[in-house]
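So this one's input-v5.tsv, TSV, C-alpha atoms:
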chain	number	residue	atom	x	y	z
A	21	MET	CA	38.77	-32.83	-2.65
A	22	ASP	CA	40.29	-33.41	-6.09
A	23	GLU	CA	37.31	-31.67	-7.68
A	24	HIS	CA	37.83	-28.66	-5.42
A	25	ILE	CA	41.57	-28.42	-6.20
A	26	ALA	CA	40.87	-28.74	-9.91
A	27	ARG	CA	38.98	-25.43	-9.81
A	28	TYR	CA	42.29	-23.62	-9.20
A	29	PRO	CA	43.95	-23.32	-12.63
A	30	ASP	CA	47.65	-24.25	-12.75
A	31	TYR	CA	47.73	-24.50	-8.96
A	32	GLU	CA	50.86	-26.65	-8.99
A	33	SER	CA	53.04	-23.82	-10.31
A	34	HIS	CA	52.05	-21.59	-7.38
A	35	ALA	CA	52.54	-24.15	-4.64
A	36	ASP	CA	55.83	-22.61	-3.39
A	37	ASP	CA	54.83	-18.97	-3.87
A	38	THR	CA	54.17	-17.46	-0.44
A	39	GLU	CA	53.71	-13.86	-1.62
A	40	GLY	CA	50.87	-14.08	-4.13
A	41	HIS	CA	47.20	-14.64	-3.39
A	42	TRP	CA	44.28	-16.62	-4.74
A	43	TYR	CA	41.06	-14.67	-5.28
A	44	PHE	CA	38.01	-16.87	-5.43
A	45	PRO	CA	34.31	-16.14	-5.91
A	46	ILE	CA	31.84	-16.25	-3.03
A	47	CYS	CA	28.08	-16.55	-3.41
A	48	SER	CA	25.92	-15.83	-0.35
A	49	SER	CA	22.34	-16.94	0.18
A	50	GLY	CA	21.70	-14.06	2.57
A	51	ARG	CA	19.61	-12.09	0.06
A	52	VAL	CA	17.58	-15.07	-1.13
A	53	PRO	CA	13.96	-14.81	0.10
A	54	ASN	CA	13.46	-17.10	3.11
A	55	ASN	CA	16.97	-18.45	2.54
A	56	ASP	CA	15.45	-20.92	0.08
A	57	LEU	CA	18.25	-23.26	-1.03
A	58	LYS	CA	16.18	-24.58	-3.92
A	59	VAL	CA	16.30	-21.08	-5.37
A	60	PHE	CA	19.86	-20.36	-4.32
A	61	SER	CA	21.63	-23.56	-5.41
A	62	PRO	CA	21.08	-23.30	-9.21
A	63	ILE	CA	22.15	-19.63	-9.11
A	64	ALA	CA	25.28	-20.45	-7.12
A	65	ASP	CA	26.19	-23.42	-9.34
A	66	ASP	CA	25.94	-21.25	-12.45
A	67	PHE	CA	27.97	-18.48	-10.81
A	68	PHE	CA	30.81	-20.81	-9.77
A	69	ALA	CA	30.81	-22.54	-13.16
A	70	ASN	CA	31.50	-19.22	-14.87
A	71	ASN	CA	33.87	-17.70	-12.33
A	72	SER	CA	37.01	-19.64	-11.41
A	73	PRO	CA	39.58	-18.65	-8.76
A	74	VAL	CA	42.31	-16.30	-10.00
A	75	TRP	CA	45.96	-16.24	-8.91
A	76	VAL	CA	47.47	-12.76	-8.47
A	77	PRO	CA	51.26	-12.47	-7.93
A	78	ALA	CA	52.63	-10.24	-5.18
A	79	GLY	CA	52.06	-6.59	-6.10
A	80	GLY	CA	49.53	-7.54	-8.77
A	81	THR	CA	46.09	-5.98	-9.19
A	82	PRO	CA	43.21	-8.00	-7.77
A	83	PRO	CA	40.50	-8.91	-10.28
A	84	ASP	CA	37.48	-6.68	-10.63
A	85	PRO	CA	34.43	-7.88	-8.72
A	86	VAL	CA	32.18	-10.07	-10.85
A	87	VAL	CA	28.69	-8.58	-10.66
A	88	ASP	CA	26.15	-9.07	-13.41
A	89	GLY	CA	24.05	-6.13	-14.55
A	90	THR	CA	20.80	-7.29	-12.97
A	91	THR	CA	22.37	-7.89	-9.56
A	92	LEU	CA	24.17	-4.56	-9.72
A	93	ALA	CA	20.98	-2.71	-10.67
A	94	ARG	CA	18.98	-4.22	-7.83
A	95	ALA	CA	21.71	-3.55	-5.27
A	96	ALA	CA	22.02	0.05	-6.45
A	97	TRP	CA	18.28	0.66	-6.30
A	98	ASP	CA	18.11	-0.79	-2.78
A	99	ALA	CA	20.42	2.03	-1.69
A	100	VAL	CA	18.21	4.78	-3.15
A	101	THR	CA	15.89	6.91	-1.02
A	102	ILE	CA	13.31	8.93	-2.96
A	103	PRO	CA	11.97	11.96	-1.07
A	104	THR	CA	8.26	12.01	-0.35
A	105	ALA	CA	6.10	14.42	-2.31
A	106	THR	CA	5.44	17.99	-1.22
A	107	ILE	CA	2.52	20.02	-2.54
A	108	ALA	CA	1.15	23.53	-2.77
A	109	TYR	CA	-2.46	24.56	-3.33
A	110	ASN	CA	-4.79	27.41	-4.22
A	111	PRO	CA	-6.92	29.23	-3.07
A	112	THR	CA	-5.22	30.36	0.13
A	113	TYR	CA	-7.64	32.62	1.97
A	114	GLY	CA	-6.98	34.64	5.11
A	115	ASP	CA	-4.39	34.21	7.83
A	116	MET	CA	-4.78	30.42	7.82
A	117	GLN	CA	-4.22	30.26	4.06
A	118	ALA	CA	-7.40	28.21	3.80
A	119	THR	CA	-9.12	26.85	0.76
A	120	ILE	CA	-12.93	26.87	0.55
A	121	VAL	CA	-15.56	24.14	0.80
A	122	GLY	CA	-17.07	23.29	-2.59
A	123	TRP	CA	-14.47	25.15	-4.64
A	124	ASP	CA	-11.95	23.59	-7.01
A	125	THR	CA	-8.74	23.53	-4.98
A	126	TRP	CA	-5.76	23.36	-7.31
A	127	VAL	CA	-2.98	21.10	-6.04
A	128	TRP	CA	0.48	20.74	-7.57
A	129	ALA	CA	3.78	19.06	-6.73
A	130	THR	CA	6.54	21.40	-5.65
A	131	GLY	CA	10.14	21.26	-6.82
A	132	ASP	CA	11.05	18.81	-4.06
A	133	THR	CA	8.97	16.08	-5.71
A	134	PRO	CA	10.93	14.16	-8.38
A	135	LYS	CA	9.05	12.96	-11.44
A	136	GLU	CA	12.06	10.91	-12.55
A	137	VAL	CA	14.97	9.42	-10.64
A	138	THR	CA	18.07	8.08	-12.40
A	139	VAL	CA	20.85	6.13	-10.69
A	140	THR	CA	24.07	4.80	-12.22
A	141	ALA	CA	26.29	2.22	-10.53
A	142	THR	CA	29.53	0.57	-11.63
A	143	ALA	CA	31.21	-2.59	-10.36
A	144	GLY	CA	34.30	-3.71	-12.27
A	145	PRO	CA	33.54	-3.68	-15.99
A	146	VAL	CA	29.76	-3.54	-15.56
A	147	THR	CA	27.69	-0.36	-15.35
A	148	ALA	CA	23.96	-0.33	-14.65
A	149	THR	CA	21.53	2.56	-15.06
A	150	ILE	CA	18.26	2.47	-13.17
A	151	THR	CA	15.38	4.84	-13.90
A	152	GLY	CA	12.24	5.41	-11.86
A	153	THR	CA	9.45	7.39	-13.54
A	154	ALA	CA	6.13	8.60	-12.17
A	155	SER	CA	3.18	10.06	-14.04
A	156	MET	CA	1.00	11.65	-11.36
A	157	LEU	CA	0.20	12.43	-7.76
A	158	THR	CA	-2.31	10.24	-5.96
A	159	LEU	CA	-4.32	12.30	-3.47
A	160	GLN	CA	-6.68	10.94	-0.83
A	161	PRO	CA	-8.25	13.78	1.17
A	162	LYS	CA	-10.50	13.39	4.18
A	163	ASP	CA	-13.89	14.99	3.55
A	164	GLY	CA	-13.31	15.55	-0.13
A	165	THR	CA	-12.83	14.15	-3.62
A	166	ALA	CA	-9.62	14.33	-5.62
A	167	LYS	CA	-9.16	14.08	-9.37
A	168	CYS	CA	-5.53	13.91	-10.39
A	169	THR	CA	-4.07	12.71	-13.71
A	170	GLY	CA	-0.72	14.50	-13.50
A	171	PHE	CA	1.47	16.50	-11.14
A	172	GLY	CA	-0.74	19.57	-11.13
A	173	VAL	CA	-0.30	23.06	-12.50
A	174	PRO	CA	0.72	25.99	-10.26
A	175	TRP	CA	-2.18	28.41	-10.09
A	176	SER	CA	-1.80	31.81	-11.70
A	177	GLN	CA	-4.18	34.16	-13.46
A	178	ASP	CA	-2.79	32.99	-16.80
A	179	ASN	CA	-3.08	29.31	-15.88
A	180	ASP	CA	-6.57	29.71	-14.47
A	181	SER	CA	-8.12	29.78	-17.93
A	182	ARG	CA	-6.07	26.79	-19.07
A	183	GLY	CA	-7.14	24.56	-16.19
A	184	THR	CA	-5.28	21.94	-14.18
A	185	ASP	CA	-4.88	18.16	-14.10
A	186	CYS	CA	-4.96	17.88	-10.30
A	187	LYS	CA	-7.59	19.26	-7.94
A	188	ILE	CA	-9.60	18.52	-4.80
A	189	VAL	CA	-13.16	19.53	-3.95
A	190	PHE	CA	-13.62	19.54	-0.17
A	191	ASN	CA	-17.15	18.92	1.08
A	192	ARG	CA	-16.64	19.96	4.71
A	193	SER	CA	-14.59	22.50	6.62
A	194	SER	CA	-11.67	21.57	8.86
A	195	ALA	CA	-13.41	22.83	12.00
A	196	HIS	CA	-14.15	19.33	13.31
A	197	PHE	CA	-10.50	18.23	13.14
A	198	LYS	CA	-8.43	18.67	16.30
A	199	GLU	CA	-5.73	20.74	14.57
A	200	GLY	CA	-8.22	22.67	12.44
A	201	THR	CA	-6.76	21.32	9.19
A	202	THR	CA	-7.85	18.52	6.87
A	203	PRO	CA	-5.45	15.57	6.31
A	204	VAL	CA	-4.55	14.68	2.73
A	205	ASP	CA	-2.61	11.50	1.90
A	206	VAL	CA	-0.12	12.06	-0.93
A	207	LYS	CA	1.45	9.19	-2.85
A	208	VAL	CA	3.69	8.92	-5.91
A	209	SER	CA	4.29	5.57	-7.63
A	210	TYR	CA	7.45	5.02	-9.67
A	211	ALA	CA	7.83	2.43	-12.43
A	212	ILE	CA	11.39	1.06	-12.29
A	213	SER	CA	13.44	-0.12	-15.27
A	214	TYR	CA	17.14	-0.73	-15.80
A	215	THR	CA	19.75	-1.37	-18.46
A	216	ALA	CA	23.34	-2.54	-18.03
A	217	SER	CA	26.49	-2.60	-20.11
A	218	ASP	CA	26.51	-6.42	-20.11
A	219	GLY	CA	23.20	-6.39	-22.01
A	220	ALA	CA	20.94	-6.96	-19.02
A	221	THR	CA	17.59	-5.14	-19.05
A	222	GLY	CA	14.47	-5.47	-17.00
A	223	THR	CA	11.97	-3.98	-14.58
A	224	MET	CA	11.52	-4.03	-10.83
A	225	ASP	CA	8.55	-3.77	-8.51
A	226	THR	CA	6.83	-0.39	-8.44
A	227	HIS	CA	8.17	1.91	-5.73
A	228	THR	CA	5.68	4.17	-3.92
A	229	THR	CA	6.41	7.09	-1.64
A	230	SER	CA	3.71	8.09	0.83
A	231	THR	CA	3.14	10.98	3.22
A	232	THR	CA	0.30	12.90	4.80
A	233	THR	CA	0.00	16.66	4.68
A	234	THR	CA	-2.76	18.99	5.87
A	235	ILE	CA	-4.80	21.75	4.23
A	236	PRO	CA	-7.01	24.18	6.16
A	237	VAL	CA	-10.51	24.27	4.71
A	238	ALA	CA	-12.93	27.10	5.50
A	239	GLU	CA	-16.64	27.45	4.83
A	240	ILE	CA	-18.22	30.64	3.52
A	241	GLN	CA	-21.44	31.38	5.40
A	242	THR	CA	-24.28	33.05	3.52
A	243	LEU	CA	-27.53	34.60	4.66
A	244	ASN	CA	-30.53	34.56	2.34
A	245	THR	CA	-33.19	37.22	2.95
A	246	GLN	CA	-36.55	37.68	1.31
A	247	PRO	CA	-37.89	41.20	0.95
A	248	THR	CA	-41.41	41.92	2.15
A	249	LYS	CA	-44.01	44.43	0.96
A	250	GLN	CA	-44.02	46.15	4.35
A	251	PRO	CA	-42.43	49.60	4.36
Encoding of this model in structure tokens:
Amino acid sequence: MDEHIARYPDYESHADDTEGHWYFPICSSGRVPNNDLKVFSPIADDFFANNSPVWVPAGGTPPDPVVDGTTLARAAWDAVTIPTATIAYNPTYGDMQATIVGWDTWVWATGDTPKEVTVTATAGPVTATITGTASMLTLQPKDGTAKCTGFGVPWSQDNDSRGTDCKIVFNRSSAHFKEGTTPVDVKVSYAISYTASDGATGTMDTHTTSTTTTIPVAEIQTLNTQPTKQP
């Protein structure tokens, strides 16, 4: 009991003050994986050792929340939702806007697909900036092979001669799929790093968005004939 009271600095002088308030730190184990007290206890002990209760007189301003840069960065990133990727492609033949079996199908990320995401959060005197960066699309088509080292290049006549860094070659038409289109899994992986005004820096686990889109794939039929000597 004496040890607990001793944490409140100059508590005797506030004993008869019924208008002011004590503000004291709280450390919850709710976010500790599996509620592991062996992990939580050293963190809590260090937190309490460096953050004593504070007396605020009536009408005074409560102290700013004490949040270190790493904790702030992780909490801020947990609140972020990155939109899944959207893509366009070429060629787009006929009413179905189909690409063709065996051709290089150019694929590129549209403007709804972020290549970089930056988030800034502030709690009291601490500000943290978190940045997620991605370098390419990851494409997994059914009935085809993808080669993608970037976010693709929108097809145009000018770009055609320059080439692209993201394409699919389909080896079968979509006719055997129920909807008549070929599924393509689209993923984007973001490397996460952060810096904070209290000097904290670090990285977090890679964040990956995932969705499935469809592309209609048609097959061009050809007929080979051999001329004869008959008139």
Point to revise | Residue contacts of region 137-149 of chain A (7 Å, only C-alpha atoms) excluding same-chain residues fewer than 6 positions away, as a ChimeraX atom specification | key: /A:84-89,92-93,96,214-218
For the selection just defined, write its residues with C-alpha atoms to a file, as a PDB file, in the coordinates of the input.
ATOM      1  CA  ASP A  84      37.480  -6.680 -10.630  1.00  0.00           C
ATOM      2  CA  PRO A  85      34.430  -7.880  -8.720  1.00  0.00           C
ATOM      3  CA  VAL A  86      32.180 -10.070 -10.850  1.00  0.00           C
ATOM      4  CA  VAL A  87      28.690  -8.580 -10.660  1.00  0.00           C
ATOM      5  CA  ASP A  88      26.150  -9.070 -13.410  1.00  0.00           C
ATOM      6  CA  GLY A  89      24.050  -6.130 -14.550  1.00  0.00           C
ATOM      7  CA  LEU A  92      24.170  -4.560  -9.720  1.00  0.00           C
ATOM      8  CA  ALA A  93      20.980  -2.710 -10.670  1.00  0.00           C
ATOM      9  CA  ALA A  96      22.020   0.050  -6.450  1.00  0.00           C
ATOM     10  CA  TYR A 214      17.140  -0.730 -15.800  1.00  0.00           C
ATOM     11  CA  THR A 215      19.750  -1.370 -18.460  1.00  0.00           C
ATOM     12  CA  ALA A 216      23.340  -2.540 -18.030  1.00  0.00           C
ATOM     13  CA  SER A 217      26.490  -2.600 -20.110  1.00  0.00           C
ATOM     14  CA  ASP A 218      26.510  -6.420 -20.110  1.00  0.00           C
TER      15      ASP A 218
END
Exercise: Asp185 (chain A) partners within 9 Å, only C-alpha atoms, chain neighbours under 5 positions left out, as a short mmCIF file (atom, residue, chain, number, x, y, z; two decimals) with C-alpha atoms, in the coordinates of the input:
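Once written, result.cif looks like this:
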data_model
loop_
_atom_site.label_atom_id
_atom_site.label_comp_id
_atom_site.auth_asym_id
_atom_site.auth_seq_id
_atom_site.Cartn_x
_atom_site.Cartn_y
_atom_site.Cartn_z
CA TRP A 126 -5.76 23.36 -7.31
CA VAL A 127 -2.98 21.10 -6.04
CA TRP A 128 0.48 20.74 -7.57
CA LYS A 167 -9.16 14.08 -9.37
CA CYS A 168 -5.53 13.91 -10.39
CA THR A 169 -4.07 12.71 -13.71
CA GLY A 170 -0.72 14.50 -13.50
CA PHE A 171 1.47 16.50 -11.14
CA GLY A 172 -0.74 19.57 -11.13
CA VAL A 173 -0.30 23.06 -12.50
#
Point to revise | Surrounding residues of Lys207 (chain A) excluding itself and chain neighbours under 6 positions, 9 Å, only C-alpha atoms, as a PyMOL selection string | key: chain A and resi 104-105+156-160+228-232
Review point. So which residues fall inside 12 Å of (-7.8, 30.1, 2.6) if we count all atoms listed in the file? Mind giving them as an MDAnalysis selection string?
Key: chainID A and resid 109:121 123 125 193:194 201 235:240
Dump C-alpha atoms for the selected residues as a compact mmCIF listing (two decimals), keeping the file's coordinate frame?
# COMPACT_ATOMS: atom_id res chain seq x y z
CA TYR A 109 -2.46 24.56 -3.33
CA ASN A 110 -4.79 27.41 -4.22
CA PRO A 111 -6.92 29.23 -3.07
CA THR A 112 -5.22 30.36 0.13
CA TYR A 113 -7.64 32.62 1.97
CA GLY A 114 -6.98 34.64 5.11
CA ASP A 115 -4.39 34.21 7.83
CA MET A 116 -4.78 30.42 7.82
CA GLN A 117 -4.22 30.26 4.06
CA ALA A 118 -7.40 28.21 3.80
CA THR A 119 -9.12 26.85 0.76
CA ILE A 120 -12.93 26.87 0.55
CA VAL A 121 -15.56 24.14 0.80
CA TRP A 123 -14.47 25.15 -4.64
CA THR A 125 -8.74 23.53 -4.98
CA SER A 193 -14.59 22.50 6.62
CA SER A 194 -11.67 21.57 8.86
CA THR A 201 -6.76 21.32 9.19
CA ILE A 235 -4.80 21.75 4.23
CA PRO A 236 -7.01 24.18 6.16
CA VAL A 237 -10.51 24.27 4.71
CA ALA A 238 -12.93 27.10 5.50
CA GLU A 239 -16.64 27.45 4.83
CA ILE A 240 -18.22 30.64 3.52
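Take CA of Ala166 (chain A) and CA of Cys186 (chain A): the distance between them is 7.5 Å.
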Exercise for review: Would you mind reading off the distance between CA of Gly79 (chain A) and CA of His34 (chain A), one decimal, in Å?
Suggested key: 15.1 Å
Check your understanding: Residues at most 7 Å from region 71-76 of chain A, counting all atoms listed in the file, excluding those fewer than 3 positions away in the same chain, as a list in words?
Key ->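 The filter keeps Arg27, Tyr28, Gly40, His41, Trp42, Tyr43, Phe44, Pro45, Phe67, Phe68, Gly80, Thr81 and Pro82 of chain A.
Residues lying within 7 Å of region 190-192 of chain A, counting only C-alpha atoms and ignoring same-chain neighbours fewer than 4 positions away, are Val121, Gly122, Asp163, Gly164 and Thr165 of chain A.
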Exercise for review: Give me, please, the distance in Å between CA of Thr133 (chain A) and CA of Ile107 (chain A), quoted to one decimal.
Suggested key: 8.2 Å
Report, as AutoDock Vina command-line options, the centre and edge lengths in Å (one decimal) of the axis-aligned box enclosing every listed atom of region 141-160 of chain A, padded by 3 Å on each side.
--center_x 13.8 --center_y 4.4 --center_z -8.4 --size_x 47.0 --size_y 22.1 --size_z 21.2
Review point. Which residue gives the smallest distance to Asp225 (chain A) among A:Glu136, A:Asp178, A:Asp98, A:Asp37, with only C-alpha atoms counted?
Key: A:Asp98
Exercise for review: Point out the residue among A:Thr38, A:Thr106, A:Thr202, A:Thr234 with the least atom-to-atom distance to Pro77 (chain A), counting only C-alpha atoms.
Suggested key: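 Residue with the minimum atom-to-atom distance to Pro77 (chain A): A:Thr38.
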**Study point:** Nearest residue to Pro174 (chain A) from the set A:Ala154, A:Ala129, A:Ile212, A:Ile102 (distances using all atoms listed in the file)
**Key:**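 Smallest distance to Pro174 (chain A) is found for A:Ala129.
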Review point. With all atoms listed in the file as the basis for distance, which of A:Gly152, A:Gly200, A:Gly183, A:Pro161 is at the shortest distance from Trp97 (chain A)?
Key: A:Gly152
